[in-house]
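Worksheet for the structure shown next.
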Amino acid sequence: MIVPFSKFQGNGNDFVIIDNRTSQIKPDSITIRRICDRHFGIGADGVILLQNFNGVDFEMLYYNSDGNIASMCGNGARCIAAFAKINGIVDDRMNFMAYDGEHEAKINKVIEKNKTYHVSVSMADVTEVEKNNNFYFLDTGSPHYVEFVDKVSEIDVVKEGRKTRNSYRFSPDGTNVNFVEVSDDRIFVRTYERGVEDETLSCGTGVTAAAISAFLKTGKKDFQIHTTGGEFRVDFINEKDAFNSVWLSGPAELVFQGEVEV
């Protein structure tokens, strides 16, 4: 079956998005891996299907580039919100279902007409954070290990991230791994993503985990969040050890459109 797709990127985290409200598309892992292959396919960190779901505007079904259904993807959520707006499925505010439950999203402004939008998406509440001597571990819709380092640019993210991701401590499912450098009011985050099994240019649930961990470490909020792919903002309310009203904000860009066989 040949279907239309849109390629989006959110601060370098890129996705192939397909409107599947007819429920005709049921991709297998081989198809997902082929689409995501950067040499023989379209190339992406993941594939997202927009589907109907009772009680909300749509459902976001996300596959990692390894071909498997994945947990929540913050950048993917911002991109599918822009996709839904561009295609007239929603207006500027929407609610949708994802792997970890219901979310809200809002289009804050158009940065470049019909191509780039600034999007905010609500993230899952964080009710528990594991604090250790050298790392934090928390779930922001996906599990994240956060380690603070002095010079994040010098870290071998793939080597060190893969080691932690596959360690006995986080078996059998593994974890995403973030290395974070703090300087004054800014944090620089680099992420090894499970399912992609590589460093990505940014990770939405990862920078959310990093912002919360940085608050626990320093007592400061409102950090400027930098990744290799671009800048983010994370807002939240802290009540004792819980974090709610968590919002992730950043750009989502339509890169190109085409057709693909699924």
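Each chain of the structure tokens is named A, B, ... in the order shown, its residues numbered from 1; ligands are numbered from 1 in display order.
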Report task. Excluding Gln9 in chain A and residues on its chain fewer than 2 positions from it, collect all residues at most 6 Å away from it, counting only C-alpha atoms, and give them as JSON, numbers by chain. Result -> {"A": [12, 13, 14, 252, 253]}
Hey, what's within 8 Å of range 171-177 of chain A if we count only C-alpha atoms and toss same-chain stuff fewer than 6 positions away? As a CSV table (one decimal) with C-alpha atoms, in the first residue's frame, please?
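Heads up, here's the output in selection-v4.csv:
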chain,number,residue,atom,x,y,z
A,142,SER,CA,9.8,7.0,29.3
A,143,PRO,CA,12.5,5.8,31.9
A,144,HIS,CA,15.6,8.1,32.1
A,145,TYR,CA,18.9,7.8,33.8
A,146,VAL,CA,20.4,11.3,34.4
A,147,GLU,CA,24.1,11.7,35.2
A,161,GLY,CA,25.2,5.3,27.2
A,164,THR,CA,24.3,1.9,31.2
A,165,ARG,CA,21.3,1.1,29.0
A,191,THR,CA,21.0,11.5,25.3
A,192,TYR,CA,21.5,7.9,24.3
A,193,GLU,CA,18.0,6.6,23.3
A,194,ARG,CA,17.0,3.0,23.7
A,206,GLY,CA,15.2,13.2,28.3
Report task. Using DSSP on the backbone, list every residue of range 19-175 of chain A that comes out as alpha helix (DSSP H), and give them as number ranges by chain. Result -> A: 29-36, 74-86, 157-165
Query - Computed interatomic separation between CA of Asn52 in chain A and CA of Lys26 in chain A (Å) - result: 14.0 Å
Report summary line: Closest of A:Ile212, A:Val157, A:Val255, A:Val119 to Arg190 in chain A, counting only C-alpha atoms, is A:Val157
Query raised in the report: Within 12 Å of Ile42 in chain A, counting only C-alpha atoms, which residues qualify if same-chain residues fewer than 2 places away don't, as a PyMOL selection string?
Result: chain A and resi 5-8+14-17+31-40+44-47+65+255-261
For the selection just defined, write its residues with N, CA and C atoms to a file, as an mmCIF file, in the first residue's frame.
data_model
loop_
_atom_site.group_PDB
_atom_site.id
_atom_site.type_symbol
_atom_site.label_atom_id
_atom_site.label_comp_id
_atom_site.auth_asym_id
_atom_site.auth_seq_id
_atom_site.Cartn_x
_atom_site.Cartn_y
_atom_site.Cartn_z
ATOM 1 N N PHE A 5 3.057 10.594 3.541
ATOM 2 C CA PHE A 5 3.686 10.801 4.844
ATOM 3 C C PHE A 5 4.211 12.223 4.925
ATOM 4 N N SER A 6 4.487 12.642 6.145
ATOM 5 C CA SER A 6 5.171 13.917 6.399
ATOM 6 C C SER A 6 6.380 13.642 7.262
ATOM 7 N N LYS A 7 7.499 14.243 6.910
ATOM 8 C CA LYS A 7 8.717 14.136 7.716
ATOM 9 C C LYS A 7 8.829 15.396 8.571
ATOM 10 N N PHE A 8 8.909 15.207 9.886
ATOM 11 C CA PHE A 8 9.033 16.307 10.830
ATOM 12 C C PHE A 8 10.313 16.147 11.632
ATOM 13 N N ASP A 14 13.944 13.310 14.592
ATOM 14 C CA ASP A 14 13.098 13.325 13.398
ATOM 15 C C ASP A 14 12.184 12.108 13.289
ATOM 16 N N PHE A 15 11.032 12.335 12.636
ATOM 17 C CA PHE A 15 9.960 11.355 12.596
ATOM 18 C C PHE A 15 9.251 11.354 11.248
ATOM 19 N N VAL A 16 8.814 10.168 10.840
ATOM 20 C CA VAL A 16 7.899 10.025 9.719
ATOM 21 C C VAL A 16 6.500 9.895 10.315
ATOM 22 N N ILE A 17 5.594 10.794 9.925
ATOM 23 C CA ILE A 17 4.239 10.809 10.489
ATOM 24 C C ILE A 17 3.232 10.477 9.397
ATOM 25 N N THR A 31 8.976 -3.249 8.224
ATOM 26 C CA THR A 31 8.564 -2.045 7.500
ATOM 27 C C THR A 31 9.034 -0.787 8.229
ATOM 28 N N ILE A 32 8.870 -0.767 9.550
ATOM 29 C CA ILE A 32 9.304 0.394 10.331
ATOM 30 C C ILE A 32 10.803 0.606 10.192
ATOM 31 N N ARG A 33 11.565 -0.475 10.308
ATOM 32 C CA ARG A 33 13.022 -0.349 10.200
ATOM 33 C C ARG A 33 13.428 0.133 8.811
ATOM 34 N N ARG A 34 12.728 -0.332 7.769
ATOM 35 C CA ARG A 34 13.031 0.098 6.395
ATOM 36 C C ARG A 34 12.749 1.592 6.225
ATOM 37 N N ILE A 35 11.627 2.055 6.738
ATOM 38 C CA ILE A 35 11.282 3.471 6.623
ATOM 39 C C ILE A 35 12.310 4.340 7.339
ATOM 40 N N CYS A 36 12.759 3.901 8.507
ATOM 41 C CA CYS A 36 13.680 4.699 9.326
ATOM 42 C C CYS A 36 15.134 4.624 8.866
ATOM 43 N N ASP A 37 15.452 3.657 8.024
ATOM 44 C CA ASP A 37 16.832 3.490 7.577
ATOM 45 C C ASP A 37 17.296 4.734 6.821
ATOM 46 N N ARG A 38 18.426 5.296 7.237
ATOM 47 C CA ARG A 38 18.891 6.554 6.654
ATOM 48 C C ARG A 38 19.635 6.361 5.337
ATOM 49 N N HIS A 39 19.872 5.131 4.955
ATOM 50 C CA HIS A 39 20.533 4.854 3.679
ATOM 51 C C HIS A 39 19.552 4.310 2.636
ATOM 52 N N PHE A 40 18.638 3.433 3.070
ATOM 53 C CA PHE A 40 17.741 2.777 2.125
ATOM 54 C C PHE A 40 16.281 3.169 2.300
ATOM 55 N N ALA A 44 14.739 8.252 9.814
ATOM 56 C CA ALA A 44 14.063 8.869 10.957
ATOM 57 C C ALA A 44 14.437 8.141 12.234
ATOM 58 N N ASP A 45 14.221 8.831 13.365
ATOM 59 C CA ASP A 45 14.382 8.193 14.670
ATOM 60 C C ASP A 45 13.171 7.343 15.018
ATOM 61 N N GLY A 46 12.052 7.568 14.322
ATOM 62 C CA GLY A 46 10.855 6.788 14.596
ATOM 63 C C GLY A 46 9.740 7.093 13.619
ATOM 64 N N VAL A 47 8.701 6.260 13.661
ATOM 65 C CA VAL A 47 7.498 6.420 12.846
ATOM 66 C C VAL A 47 6.310 6.638 13.775
ATOM 67 N N SER A 65 12.922 3.361 15.844
ATOM 68 C CA SER A 65 13.549 2.933 14.589
ATOM 69 C C SER A 65 13.966 1.472 14.598
ATOM 70 N N VAL A 255 9.615 19.035 7.461
ATOM 71 C CA VAL A 255 10.800 19.010 6.624
ATOM 72 C C VAL A 255 10.437 18.776 5.156
ATOM 73 N N PHE A 256 9.661 17.712 4.899
ATOM 74 C CA PHE A 256 9.171 17.465 3.551
ATOM 75 C C PHE A 256 8.046 16.445 3.601
ATOM 76 N N GLN A 257 7.355 16.274 2.472
ATOM 77 C CA GLN A 257 6.258 15.310 2.351
ATOM 78 C C GLN A 257 6.486 14.421 1.147
ATOM 79 N N GLY A 258 5.876 13.245 1.168
ATOM 80 C CA GLY A 258 6.026 12.315 0.072
ATOM 81 C C GLY A 258 5.105 11.130 0.214
ATOM 82 N N GLU A 259 5.429 10.048 -0.449
ATOM 83 C CA GLU A 259 4.663 8.803 -0.362
ATOM 84 C C GLU A 259 5.614 7.656 -0.066
ATOM 85 N N VAL A 260 5.101 6.650 0.674
ATOM 86 C CA VAL A 260 5.921 5.508 1.059
ATOM 87 C C VAL A 260 5.072 4.244 1.021
ATOM 88 N N GLU A 261 5.709 3.134 0.735
ATOM 89 C CA GLU A 261 5.015 1.858 0.746
ATOM 90 C C GLU A 261 5.052 1.266 2.137
#
**Report entry** Shell around Gly204 in chain A at 8 Å using only C-alpha atoms, local window under 5 positions removed, as a count of residues only
**Finding:** 4
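By only C-alpha atoms, and with residues fewer than 6 positions from Ser71 in chain A along its chain excluded, the set lying at most 9 Å from it is A:Tyr62, A:Tyr63, A:Asn64, A:Ala98, A:Tyr99, A:Asp100, A:Gly141, A:Ser142, A:Pro143.
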Report task. Give me the residues within 12 Å of Val56 in chain A as a PyMOL selection string, counting only C-alpha atoms and dropping any in the same chain fewer than 3 places off. Result -> chain A and resi 50-53+59-60+89-90+93-98+101-105
